[in-house]
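Colleague: This structure is in structure tokens; I'll ask about it shortly.
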Amino acid sequence: MKGQNFSRRDFLKSSVALGAASLLPGQLITAKDKSREVGAKQSGRLEKSASGGRMVAISSENGFRATEKAMELLRQGADPLDAVIAGVNIVENDPEDITVGYGGLPNEEGVVELDASVMHGPTHNAGAVAALRNIKNPSKVAKLVMERTAHVLLVGEGALKFARAHGFKEENLLTEKARRIWLRRKETLSENDYWYPPKSDELEKELQAYVASHGTINCCALDAQGNLAGVTTTSGFFFKIPGRVGDSPIIGAGLYVDNNIGAAGSTGLGEANLLTLASFQVVNLMGQGLSPEEAGLRVLKMVVEKARLWPHRLDDRGRPRFSLNFYIINKKGEYAGVTIWQGRRYAVHDGVRNQLKESAYLFKRD
Ligand code: GLY
């Protein structure tokens with residue numbers, strides 16, 4: 001707990017003690033049963049996990065390897081937060097994903113600035129970093145903010161100093177590919193400046209591919225004990241104004257977890273999410289009894305309603321020109337991917353199979 005000398009180990013110990021105290025005389029729990037019990041209920045009663053021991057890991061489409069890894073670790077009994085962080089680290093370290101971590105596309109000055117948040121259901125605690133430079137794995141730094149500070153969010157220079165203090169290696173995150181895409185954008189931005197593009201169009205395809213699909217990765221998981229956790233990590237918008245912070249590191253926007261209800265995380269236009277705190281709203285609606293898909297679509301409808309007030313973000317039929325996507329699990333292990341526009345997929349491992357599935361959507365593409 002923040003600001004108190006009360007570690008997660010203490011928390012788990014006291015929870016186990018509370019759980020054990022509620023056993024009836026002569027009642028035995030086998031190891032198998034134990035993996036299906038929730039030992040950390042606030043009530044102190046030992047109950048069956050709502051999911052009946054089911055494990056789920058869900059992620060954005062670029063997180064297929066993340067859900068695979070997270071499930072592997074959940075099966076080994078890892079904490080769900082460690083499982084999802086290990087999952088997204090694969091993508092943060094991959095230079096081919098130009099929307100996350102190393103190789104992410106830079107801001108307008110050619111500098112990569114990363115945002116990330118983590119949230120741990122059992123302790124209802126969170127950590128986040130924003131506009132962090134030179135550190136490949138902002139999700140790991142976010143976890144340390146949660147565990148080793150009295151704060152939730154560190155930004156910019158302060159976040160970098162904190163990462164340095166914890167021994168993170170600084171490196172140039174701008175890959176050759178990202179630098180070339182950035183330079184091309186700079187050279188084609190205006191006809192009234194002094195930068196000229198090359199004659200060849202070889203980068204046009206890469207640039208278009210990026211413009212067509214927003215990145216970021218979110219991964220949320222439910223373990224066999226019914227505990228939830230999530231992580232969201234991104235390099236944010238390509239060519240953003242230096243210092244711009246999106247929804248990913250904002251608890252309630254890019255990520256929200258309530259261990260009694262469920263977890264939701266997002267990708268897409270961060271500004272639309274920052275103005276609606278949509279992940280919090282998704283979890284809140286699940287708390288009122290809506291399924292993950294119902295809650296996600298209801299919140300997206302509300303975002304689209306609000307978008308009517310943002311004319312620069314609408315097409316000529318008054319529909320949003322942006323995308324916003326959620327990856328959602330509830331306490332029972334039910335899950336959904338939802339999106340504004342048809343055609344987006346999400347990755348989910350349900351304990352049996354890792355798959356890419358079509359997200360439920362509001363608008364069909366023309
Ligand atoms: N959703 C990622 C961002 O807006 O930065």
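Chain labels run A, B, ... following the order of the structure tokens; each chain numbers its residues from 1, and ligands are numbered from 1 in the order shown.
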For ligand 1, collect every residue having any atom at a distance of at most 7 Å from a ligand atom (counting only C-alpha atoms and all ligand atoms); output as a list in words.

Modeller: Thr216, Thr234, Ser235, Gly236, Phe237, Val245, Gly246, Asp247, Ser248, Gly254, Ser266, Thr267, Gly268, Leu269, Gly270 and Glu271 of chain A

Colleague: Apply DSSP to the backbone of this structure and, from region 73-178 of chain A, keep only the residues in helix (DSSP H, G or I); write these as a VMD selection string.

Modeller: chain A and resid 73 to 75 80 to 92 138 to 148 156 to 165 176 to 178

Colleague: Set out as a Markdown table a contact list for region 244-362 of chain A and region 58-68 of chain A with a cut-off of 9 Å, giving each residue of region 244-362 of chain A that qualifies its closest atom pair and distance in Å to one decimal, counting only C-alpha atoms, ordered by chain and rising residue number.

Modeller:
| residue | atom | partner | partner_atom | distance |
| --- | --- | --- | --- | --- |
| A:Gly265 | CA | A:Ser59 | CA | 8.5 |
| A:Ser266 | CA | A:Ser60 | CA | 8.2 |
| A:Thr267 | CA | A:Ser60 | CA | 7.4 |
| A:Asn325 | CA | A:Ser60 | CA | 8.4 |
| A:Phe326 | CA | A:Ser60 | CA | 8.2 |
| A:Tyr327 | CA | A:Ser59 | CA | 6.2 |
| A:Ile328 | CA | A:Ile58 | CA | 7.3 |
| A:Ile329 | CA | A:Ile58 | CA | 7.5 |
| A:Tyr335 | CA | A:Ile58 | CA | 7.8 |
| A:Ala336 | CA | A:Ile58 | CA | 8.4 |
| A:Gly337 | CA | A:Ser60 | CA | 8.2 |
| A:Arg344 | CA | A:Glu61 | CA | 7.8 |
| A:Arg345 | CA | A:Glu61 | CA | 5.4 |
| A:Tyr346 | CA | A:Glu61 | CA | 4.2 |
| A:Ala347 | CA | A:Ser59 | CA | 5.0 |
| A:Val348 | CA | A:Ile58 | CA | 4.3 |
| A:His349 | CA | A:Thr67 | CA | 5.8 |
| A:Asp350 | CA | A:Ile58 | CA | 8.3 |
| A:Arg353 | CA | A:Glu68 | CA | 8.9 |
| A:Asn354 | CA | A:Glu68 | CA | 6.4 |
| A:Gln355 | CA | A:Phe64 | CA | 7.5 |
| A:Leu356 | CA | A:Glu61 | CA | 6.9 |
| A:Lys357 | CA | A:Glu61 | CA | 8.6 |

Colleague: Considering only strand (DSSP E) as DSSP defines it on the backbone, what residues of region 123-198 of chain A qualify? List them as a count of residues only.

Modeller: 11

Colleague: So how far away is CA of Ser51 (chain A) from CA of Lys331 (chain A), in Å?

Modeller: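 Distance between the two atoms: 6.3 Å.
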
Colleague: What gap, in Å, lies between CA of Met71 (chain A) and CA of Gln225 (chain A)?

Modeller: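 Distance between the two atoms: 13.8 Å.
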
Colleague: With only C-alpha atoms as the atoms that count, which of A:Asp82, A:Glu358, A:Glu113, A:Glu176 lies nearest to Lys69 (chain A)?

Modeller: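 Comparing A:Asp82, A:Glu358, A:Glu113, A:Glu176 against Lys69 (chain A), the winner is A:Asp82.
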
Colleague: Need the shell around region 162-171 of chain A: protein/DNA/RNA residues with any atom at most 10 Å away, counting only C-alpha atoms. Skip same-chain ones fewer than 5 positions apart. Format as a PDB file with C-alpha atoms, in the first residue's frame?

Modeller:
ATOM      1  CA  TYR A 102      12.039   0.094 -28.945  1.00  0.00           C
ATOM      2  CA  VAL A 129       5.184   6.610 -16.532  1.00  0.00           C
ATOM      3  CA  LEU A 132       9.748   8.539 -20.783  1.00  0.00           C
ATOM      4  CA  ARG A 133      12.814   8.663 -23.064  1.00  0.00           C
ATOM      5  CA  ASN A 134      15.641   6.166 -23.635  1.00  0.00           C
ATOM      6  CA  ILE A 135      14.160   3.220 -21.702  1.00  0.00           C
ATOM      7  CA  LYS A 136      12.910   0.278 -23.723  1.00  0.00           C
ATOM      8  CA  ASN A 137      10.477  -1.216 -21.201  1.00  0.00           C
ATOM      9  CA  PRO A 138       8.313   1.522 -19.692  1.00  0.00           C
ATOM     10  CA  LYS A 140       8.690  -2.424 -16.038  1.00  0.00           C
ATOM     11  CA  VAL A 141       9.377   1.101 -14.820  1.00  0.00           C
ATOM     12  CA  ALA A 142       5.623   1.598 -14.250  1.00  0.00           C
ATOM     13  CA  LEU A 144       8.446  -0.113  -9.990  1.00  0.00           C
ATOM     14  CA  VAL A 145       6.616   3.191  -9.606  1.00  0.00           C
ATOM     15  CA  ARG A 148       8.798   1.327  -4.876  1.00  0.00           C
ATOM     16  CA  THR A 149       7.290   4.805  -4.574  1.00  0.00           C
ATOM     17  CA  LEU A 154       6.015   9.843 -12.952  1.00  0.00           C
ATOM     18  CA  VAL A 155       6.666  11.840 -16.129  1.00  0.00           C
ATOM     19  CA  GLU A 157      12.855  13.713 -16.721  1.00  0.00           C
TER      20      GLU A 157
END

Colleague: Work out how far apart CA of Phe239 (chain A) and CA of Ile98 (chain A) are and give it in Å to one decimal.

Modeller: 12.4 Å

Colleague: Excluding same-chain residues fewer than 6 positions from region 308-323 of chain A, what lies within 12 Å of it counting only C-alpha atoms, as a PyMOL selection string?

Modeller: chain A and resi 211-215+266-273+275+300-302+338-344+361-366

Colleague: Which residues, written as a PyMOL selection string, have at least one atom at most 7 Å from Pro242 (chain A), with only C-alpha atoms counted and residues fewer than 2 positions away on the same chain left out?

Modeller: chain A and resi 107-108+240+244

Colleague: Take the residues from that selection and put them in a file with all heavy atoms, as a tab-separated table (two decimals), in the first residue's frame.

Modeller:
chain	number	residue	atom	x	y	z
A	107	ASN	N	8.37	11.49	-31.65
A	107	ASN	CA	7.61	12.74	-31.67
A	107	ASN	C	8.09	13.61	-32.84
A	107	ASN	O	8.94	13.20	-33.62
A	107	ASN	CB	7.72	13.45	-30.31
A	107	ASN	CG	9.14	13.93	-29.99
A	107	ASN	OD1	9.97	14.11	-30.89
A	107	ASN	ND2	9.42	14.10	-28.72
A	108	GLU	N	7.57	14.82	-32.93
A	108	GLU	CA	7.90	15.64	-34.12
A	108	GLU	C	9.37	16.05	-34.17
A	108	GLU	O	9.87	16.42	-35.22
A	108	GLU	CB	6.97	16.86	-34.21
A	108	GLU	CG	7.17	17.86	-33.11
A	108	GLU	CD	6.23	19.07	-33.22
A	108	GLU	OE1	5.30	19.07	-34.04
A	108	GLU	OE2	6.46	20.02	-32.45
A	240	LYS	N	3.87	13.38	-32.52
A	240	LYS	CA	3.16	14.17	-31.50
A	240	LYS	C	4.03	15.36	-31.07
A	240	LYS	O	5.26	15.34	-31.26
A	240	LYS	CB	2.84	13.28	-30.29
A	240	LYS	CG	4.08	12.70	-29.59
A	240	LYS	CD	3.71	11.60	-28.59
A	240	LYS	CE	4.95	10.92	-28.04
A	240	LYS	NZ	4.63	9.77	-27.18
A	244	ARG	N	3.55	15.36	-25.22
A	244	ARG	CA	2.15	14.90	-25.28
A	244	ARG	C	2.01	13.57	-24.53
A	244	ARG	O	2.81	12.66	-24.69
A	244	ARG	CB	1.72	14.71	-26.74
A	244	ARG	CG	0.29	14.18	-26.93
A	244	ARG	CD	0.24	12.69	-27.15
A	244	ARG	NE	-1.10	12.21	-27.46
A	244	ARG	CZ	-1.42	10.92	-27.55
A	244	ARG	NH1	-0.51	9.99	-27.35
A	244	ARG	NH2	-2.65	10.55	-27.83

Colleague: Return the single residue from A:Cys220, A:Ala131, A:Leu105, A:Ala159 that is closest to Gly87 (chain A), with distances computed using only C-alpha atoms.

Modeller: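 Closest to Gly87 (chain A) of all the choices is A:Cys220.
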